[in-house]
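Colleague: Mind having a look at this structure? Questions to follow.
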Amino acid sequence: MNEIEVSDEDLEGYLAARSFTRTIGEEIVNNIKVGMTEKEVGDVASLVFNKNGVKQHWHMPIIGVGEGSTKLRSMYALVSSYFTGHKRILQEHDIILIDIAPIYNGYPGDYTINHVIGSNPDLEALAVYARDVSIKIAGYIKEGMIVADVFHRAQELTGKNPDYTLAYPPFISMGHRLCRIPPLWQIFPEAGLNYLLFRTNGPFITSSNNTLMNGLWVIEPYFIYKGRAAKFEQLVLIGKETRIL
């Protein structure tokens, strides 16, 4: 089940889930304060999820405070971050990355917020750059294009700005298919990512993926700048025409 064909009803469901997730993210941001540890921000997120009736997640929340925003640069950095969250403290003029994917009415709402506490022009520019590149990559995709072409196009775009380092999160790399998952799969941790790995064809944007770009995808290049990171998740539907959602 790849859900390559996305009905109008399903598309409305995905967009509603994305809107819901963005609202959840903003509520989390509004309840965090300078001086909180990364773990405490995670506790805030859990309270917000519970308050809004979130029962399942497409992937577990990823929250990175300051240097913790770079935890997606490798599997080692990601796993080790779970043991050191109490050490990273949210500082004024620093960035926090909040990547969440609650299931809303059966649809996943994968979304990342890059929030700068106070003012920091360099980090604000990093977040804007991540957003702009995501949209440019999505706009490049055409029917009949293979996934590896999208990957290499993204590398070309990002290579023009040496200030930012393009990094590749484990499994996800530069993006992934987005699809609903059957109820039985929802009992597993990282249910959405596991479903992509074991039940879909060519689910991630990598240099070796020669499957066609079709259906619903999330484009999310991940950039590191001076020990901080940001990414923006652009939802795009590829069929006879490309629809940037």
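All residue names refer to the structure tokens as shown: chains lettered A, B, ... in order, residues numbered from 1 in each chain, ligands numbered from 1 in order.
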Can you pull out the residues contacting Leu212 of chain A? Cut-off 8 Å, using only C-alpha atoms, and skip same-chain residues under 4 positions away; I want them as a ChimeraX atom specification.

Modeller: /A:144-147

Colleague: Excluding His86 of chain A and its own-chain neighbours fewer than 6 positions away, which residues fall within 8 Å of it when counting only C-alpha atoms? Please give them as a list of chain:residue names.

Modeller: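 Here the answer would be A:Thr37, A:Glu38, A:Lys39, A:Glu40.
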
Colleague: Grab the residues selected above and save them as a short mmCIF file (atom, residue, chain, number, x, y, z; two decimals), in the first residue's frame with N, CA, C and O atoms.

Modeller:
data_model
loop_
_atom_site.label_atom_id
_atom_site.label_comp_id
_atom_site.auth_asym_id
_atom_site.auth_seq_id
_atom_site.Cartn_x
_atom_site.Cartn_y
_atom_site.Cartn_z
N THR A 37 15.03 22.89 30.30
CA THR A 37 15.88 21.90 29.66
C THR A 37 15.12 21.30 28.47
O THR A 37 13.90 21.43 28.36
N GLU A 38 15.87 20.63 27.62
CA GLU A 38 15.24 19.97 26.48
C GLU A 38 14.22 18.94 26.96
O GLU A 38 13.15 18.79 26.36
N LYS A 39 14.53 18.24 28.02
CA LYS A 39 13.60 17.26 28.58
C LYS A 39 12.32 17.94 29.06
O LYS A 39 11.21 17.42 28.86
N GLU A 40 12.46 19.09 29.70
CA GLU A 40 11.28 19.81 30.19
C GLU A 40 10.41 20.29 29.03
O GLU A 40 9.18 20.29 29.13
#

Colleague: Run DSSP on the backbone and give me the residues of segment 18-93 of chain A it puts in helix (DSSP H, G or I), as a count of residues only.

Modeller: 42

Colleague: May I have a table of the residues of segment 54-100 of chain A lying at most 12 Å from segment 8-28 of chain A, giving each one's closest pair of atoms and their distance in Å to one decimal, counting only C-alpha atoms, ordered by chain and ascending residue number, as JSON lines?

Modeller:
{"residue": "A:Val54", "atom": "CA", "partner": "A:Ile24", "partner_atom": "CA", "distance": 9.8}
{"residue": "A:His57", "atom": "CA", "partner": "A:Thr21", "partner_atom": "CA", "distance": 10.7}
{"residue": "A:Trp58", "atom": "CA", "partner": "A:Ala17", "partner_atom": "CA", "distance": 11.3}
{"residue": "A:Pro61", "atom": "CA", "partner": "A:Gly25", "partner_atom": "CA", "distance": 10.6}
{"residue": "A:Ile62", "atom": "CA", "partner": "A:Gly25", "partner_atom": "CA", "distance": 11.6}
{"residue": "A:Ile63", "atom": "CA", "partner": "A:Ile28", "partner_atom": "CA", "distance": 10.7}
{"residue": "A:Ile96", "atom": "CA", "partner": "A:Ile28", "partner_atom": "CA", "distance": 11.1}
{"residue": "A:Leu97", "atom": "CA", "partner": "A:Gly25", "partner_atom": "CA", "distance": 10.2}
{"residue": "A:Ile98", "atom": "CA", "partner": "A:Gly25", "partner_atom": "CA", "distance": 7.2}
{"residue": "A:Asp99", "atom": "CA", "partner": "A:Gly25", "partner_atom": "CA", "distance": 8.4}
{"residue": "A:Ile100", "atom": "CA", "partner": "A:Thr21", "partner_atom": "CA", "distance": 7.3}

Colleague: Hey, what's within 9 Å of segment 182-194 of chain A if we count only C-alpha atoms and toss same-chain stuff fewer than 6 positions away? As a CSV table (one decimal) with N, CA, C and O atoms, in the first residue's frame, please?

Modeller:
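result-v1.csv was written with the following content:
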chain,number,residue,atom,x,y,z
A,56,GLN,N,-2.0,8.8,19.0
A,56,GLN,CA,-0.9,8.1,18.2
A,56,GLN,C,0.0,9.2,17.5
A,56,GLN,O,-0.5,10.3,17.2
A,57,HIS,N,1.2,8.8,17.2
A,57,HIS,CA,2.1,9.6,16.4
A,57,HIS,C,2.7,8.8,15.3
A,57,HIS,O,3.0,7.6,15.4
A,58,TRP,N,2.8,9.5,14.1
A,58,TRP,CA,3.4,8.9,12.9
A,58,TRP,C,4.8,8.6,13.2
A,58,TRP,O,5.4,7.6,12.8
A,59,HIS,N,5.5,9.5,13.8
A,59,HIS,CA,6.8,9.2,14.4
A,59,HIS,C,6.9,10.0,15.7
A,59,HIS,O,6.1,10.9,16.0
A,60,MET,N,7.7,9.5,16.6
A,60,MET,CA,7.8,10.1,18.0
A,60,MET,C,8.3,11.5,17.9
A,60,MET,O,9.2,11.8,17.0
A,106,GLY,N,-7.0,9.9,11.7
A,106,GLY,CA,-6.5,8.8,10.9
A,106,GLY,C,-5.4,9.3,9.9
A,106,GLY,O,-4.8,8.4,9.2
A,108,PRO,N,-1.7,11.4,9.1
A,108,PRO,CA,-0.5,11.9,9.8
A,108,PRO,C,-0.3,13.4,9.4
A,108,PRO,O,-0.6,13.8,8.3
A,171,PHE,N,17.8,7.3,7.8
A,171,PHE,CA,16.6,6.8,7.0
A,171,PHE,C,16.0,7.9,6.2
A,171,PHE,O,15.8,7.7,5.0
A,172,ILE,N,15.6,9.0,6.8
A,172,ILE,CA,14.8,10.0,6.1
A,172,ILE,C,15.6,10.7,5.0
A,172,ILE,O,15.1,11.0,3.9
A,176,HIS,N,10.5,12.0,2.5
A,176,HIS,CA,9.9,10.7,2.5
A,176,HIS,C,8.5,10.7,2.0
A,176,HIS,O,7.8,11.8,1.9

Colleague: With a distance cut-off of 12 Å and only C-alpha atoms, select the neighbouring residues of Asn120 of chain A, excluding the residue or stretch itself and same-chain residues fewer than 2 positions from it, and output the selection as a PyMOL selection string.

Modeller: chain A and resi 91-95+115-118+122-127+228

Colleague: How about saving the chosen residues, N, CA, C and O atoms kept, as a PDB file, in the first residue's frame?

Modeller:
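Result file follows (result-v8.pdb):
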ATOM      1  N   GLN A  91      18.249  28.799  25.821  1.00  0.00           N
ATOM      2  CA  GLN A  91      18.832  30.107  26.084  1.00  0.00           C
ATOM      3  C   GLN A  91      18.156  31.176  25.230  1.00  0.00           C
ATOM      4  O   GLN A  91      17.620  30.896  24.158  1.00  0.00           O
ATOM      5  N   GLU A  92      18.190  32.403  25.737  1.00  0.00           N
ATOM      6  CA  GLU A  92      17.700  33.542  24.957  1.00  0.00           C
ATOM      7  C   GLU A  92      18.517  33.654  23.667  1.00  0.00           C
ATOM      8  O   GLU A  92      19.727  33.413  23.654  1.00  0.00           O
ATOM      9  N   HIS A  93      17.852  33.992  22.569  1.00  0.00           N
ATOM     10  CA  HIS A  93      18.470  34.203  21.256  1.00  0.00           C
ATOM     11  C   HIS A  93      18.988  32.897  20.625  1.00  0.00           C
ATOM     12  O   HIS A  93      19.831  32.939  19.736  1.00  0.00           O
ATOM     13  N   ASP A  94      18.484  31.771  21.096  1.00  0.00           N
ATOM     14  CA  ASP A  94      18.875  30.485  20.520  1.00  0.00           C
ATOM     15  C   ASP A  94      17.676  29.862  19.808  1.00  0.00           C
ATOM     16  O   ASP A  94      16.552  30.378  19.875  1.00  0.00           O
ATOM     17  N   ILE A  95      17.916  28.746  19.134  1.00  0.00           N
ATOM     18  CA  ILE A  95      16.871  28.110  18.331  1.00  0.00           C
ATOM     19  C   ILE A  95      16.386  26.822  18.996  1.00  0.00           C
ATOM     20  O   ILE A  95      17.140  26.155  19.716  1.00  0.00           O
ATOM     21  N   HIS A 115      11.956  27.591  15.919  1.00  0.00           N
ATOM     22  CA  HIS A 115      11.589  28.802  16.652  1.00  0.00           C
ATOM     23  C   HIS A 115      12.810  29.411  17.321  1.00  0.00           C
ATOM     24  O   HIS A 115      13.527  28.740  18.065  1.00  0.00           O
ATOM     25  N   VAL A 116      13.049  30.673  17.030  1.00  0.00           N
ATOM     26  CA  VAL A 116      14.158  31.394  17.652  1.00  0.00           C
ATOM     27  C   VAL A 116      13.618  32.173  18.846  1.00  0.00           C
ATOM     28  O   VAL A 116      12.666  32.956  18.723  1.00  0.00           O
ATOM     29  N   ILE A 117      14.213  31.943  19.996  1.00  0.00           N
ATOM     30  CA  ILE A 117      13.828  32.653  21.218  1.00  0.00           C
ATOM     31  C   ILE A 117      14.457  34.043  21.182  1.00  0.00           C
ATOM     32  O   ILE A 117      15.669  34.176  21.059  1.00  0.00           O
ATOM     33  N   GLY A 118      13.631  35.068  21.300  1.00  0.00           N
ATOM     34  CA  GLY A 118      14.164  36.422  21.217  1.00  0.00           C
ATOM     35  C   GLY A 118      14.515  36.757  19.782  1.00  0.00           C
ATOM     36  O   GLY A 118      13.717  36.541  18.874  1.00  0.00           O
ATOM     37  N   ASP A 122      21.058  35.521  12.409  1.00  0.00           N
ATOM     38  CA  ASP A 122      21.710  34.399  11.738  1.00  0.00           C
ATOM     39  C   ASP A 122      20.839  33.146  11.780  1.00  0.00           C
ATOM     40  O   ASP A 122      20.697  32.440  10.775  1.00  0.00           O
ATOM     41  N   LEU A 123      20.253  32.852  12.927  1.00  0.00           N
ATOM     42  CA  LEU A 123      19.429  31.654  13.053  1.00  0.00           C
ATOM     43  C   LEU A 123      18.080  31.838  12.360  1.00  0.00           C
ATOM     44  O   LEU A 123      17.518  30.884  11.808  1.00  0.00           O
ATOM     45  N   GLU A 124      17.584  33.058  12.371  1.00  0.00           N
ATOM     46  CA  GLU A 124      16.341  33.327  11.636  1.00  0.00           C
ATOM     47  C   GLU A 124      16.575  33.138  10.134  1.00  0.00           C
ATOM     48  O   GLU A 124      15.723  32.584   9.423  1.00  0.00           O
ATOM     49  N   ALA A 125      17.738  33.568   9.659  1.00  0.00           N
ATOM     50  CA  ALA A 125      18.079  33.383   8.248  1.00  0.00           C
ATOM     51  C   ALA A 125      18.231  31.904   7.909  1.00  0.00           C
ATOM     52  O   ALA A 125      17.847  31.461   6.814  1.00  0.00           O
ATOM     53  N   LEU A 126      18.763  31.125   8.834  1.00  0.00           N
ATOM     54  CA  LEU A 126      18.893  29.678   8.642  1.00  0.00           C
ATOM     55  C   LEU A 126      17.517  29.042   8.454  1.00  0.00           C
ATOM     56  O   LEU A 126      17.319  28.225   7.539  1.00  0.00           O
ATOM     57  N   ALA A 127      16.567  29.409   9.292  1.00  0.00           N
ATOM     58  CA  ALA A 127      15.214  28.854   9.195  1.00  0.00           C
ATOM     59  C   ALA A 127      14.543  29.252   7.880  1.00  0.00           C
ATOM     60  O   ALA A 127      13.879  28.429   7.234  1.00  0.00           O
ATOM     61  N   ARG A 228      24.096  24.751  14.916  1.00  0.00           N
ATOM     62  CA  ARG A 228      22.639  24.789  15.053  1.00  0.00           C
ATOM     63  C   ARG A 228      22.031  24.275  13.751  1.00  0.00           C
ATOM     64  O   ARG A 228      22.673  24.307  12.711  1.00  0.00           O
TER      65      ARG A 228
END

Colleague: I need the residues in segment 84-185 of chain A that are strand (DSSP E) according to DSSP; give them as number ranges by chain.

Modeller: A: 95-100, 103-104, 107-108, 111-116, 165-167, 175-177

Colleague: If you keep N, CA and C atoms, can you produce a file of those selected residues as a compact mmCIF listing (two decimals), in the first residue's frame?

Modeller:
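Result written to out-v1.txt:
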# COMPACT_ATOMS: atom_id res chain seq x y z
N ILE A 95 17.92 28.75 19.13
CA ILE A 95 16.87 28.11 18.33
C ILE A 95 16.39 26.82 19.00
N ILE A 96 15.13 26.50 18.76
CA ILE A 96 14.59 25.22 19.17
C ILE A 96 13.88 24.60 17.97
N LEU A 97 14.18 23.33 17.71
CA LEU A 97 13.58 22.59 16.62
C LEU A 97 12.54 21.63 17.19
N ILE A 98 11.32 21.69 16.68
CA ILE A 98 10.23 20.84 17.16
C ILE A 98 9.64 20.11 15.96
N ASP A 99 9.92 18.81 15.86
CA ASP A 99 9.45 17.98 14.75
C ASP A 99 8.42 17.00 15.31
N ILE A 100 7.15 17.19 14.95
CA ILE A 100 6.08 16.39 15.50
C ILE A 100 5.18 15.84 14.39
N ILE A 103 -1.23 11.80 14.77
CA ILE A 103 -2.27 11.29 13.88
C ILE A 103 -3.57 12.01 14.21
N TYR A 104 -4.18 12.61 13.20
CA TYR A 104 -5.40 13.39 13.38
C TYR A 104 -6.48 12.83 12.47
N TYR A 107 -5.12 10.58 9.86
CA TYR A 107 -4.13 11.11 8.92
C TYR A 107 -2.91 11.64 9.67
N PRO A 108 -1.69 11.39 9.14
CA PRO A 108 -0.49 11.92 9.78
C PRO A 108 -0.28 13.39 9.44
N TYR A 111 5.23 17.76 10.71
CA TYR A 111 5.51 19.19 10.61
C TYR A 111 6.66 19.56 11.54
N THR A 112 7.51 20.48 11.09
CA THR A 112 8.62 20.96 11.92
C THR A 112 8.54 22.47 12.09
N ILE A 113 8.71 22.91 13.32
CA ILE A 113 8.79 24.33 13.63
C ILE A 113 10.21 24.65 14.08
N ASN A 114 10.80 25.69 13.49
CA ASN A 114 12.09 26.21 13.93
C ASN A 114 11.81 27.55 14.62
N HIS A 115 11.96 27.59 15.92
CA HIS A 115 11.59 28.80 16.65
C HIS A 115 12.81 29.41 17.32
N VAL A 116 13.05 30.67 17.03
CA VAL A 116 14.16 31.39 17.65
C VAL A 116 13.62 32.17 18.85
N THR A 165 25.49 23.73 5.79
CA THR A 165 25.85 22.35 5.50
C THR A 165 24.60 21.50 5.41
N LEU A 166 24.42 20.82 4.27
CA LEU A 166 23.30 19.91 4.11
C LEU A 166 23.63 18.59 4.79
N ALA A 167 22.83 18.20 5.76
CA ALA A 167 23.03 16.94 6.48
C ALA A 167 21.89 15.98 6.14
N GLY A 175 13.85 13.48 2.71
CA GLY A 175 12.39 13.49 2.66
C GLY A 175 11.84 12.08 2.53
N HIS A 176 10.51 11.99 2.49
CA HIS A 176 9.89 10.66 2.51
C HIS A 176 8.45 10.73 1.99
N ARG A 177 7.93 9.58 1.62
CA ARG A 177 6.52 9.48 1.32
C ARG A 177 5.72 9.75 2.60

Colleague: Mind giving me the straight-line distance from atom CA of Leu157 of chain A to atom CA of Tyr225 of chain A in Å, one decimal?

Modeller: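 So the answer is 16.3 Å.
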
Colleague: Could you state the separation of atom CA of Met213 of chain A and atom CA of Tyr140 of chain A in Å, given to one decimal place?

Modeller: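 Separating atom CA of Met213 of chain A from atom CA of Tyr140 of chain A is a distance of 11.5 Å.
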
Colleague: Provide the atom CA of Asn31 of chain A to atom CA of Leu72 of chain A distance in Å, to one decimal place.

Modeller: 23.8 Å

Colleague: Would you list the contacts of Thr158 of chain A as number ranges by chain, taking every protein, DNA or RNA residue within 10 Å and counting only C-alpha atoms, but skipping same-chain residues closer than 3 positions in sequence?

Modeller: A: 129-130, 133, 152-155, 161-166, 221, 223

Colleague: For each of A:Ser7, A:Ser46, A:Ser74, A:Ser119, take the minimum atom-to-atom distance to Gly215 of chain A, counting only C-alpha atoms, then give the residue where this is smallest.

Modeller: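 Selected residue with least distance to Gly215 of chain A: A:Ser7.
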
Colleague: For Val236 of chain A, which residue out of A:Gly42, A:Gly35, A:Gly139, A:Gly85 is the nearest one, using only C-alpha atoms?

Modeller: A:Gly139
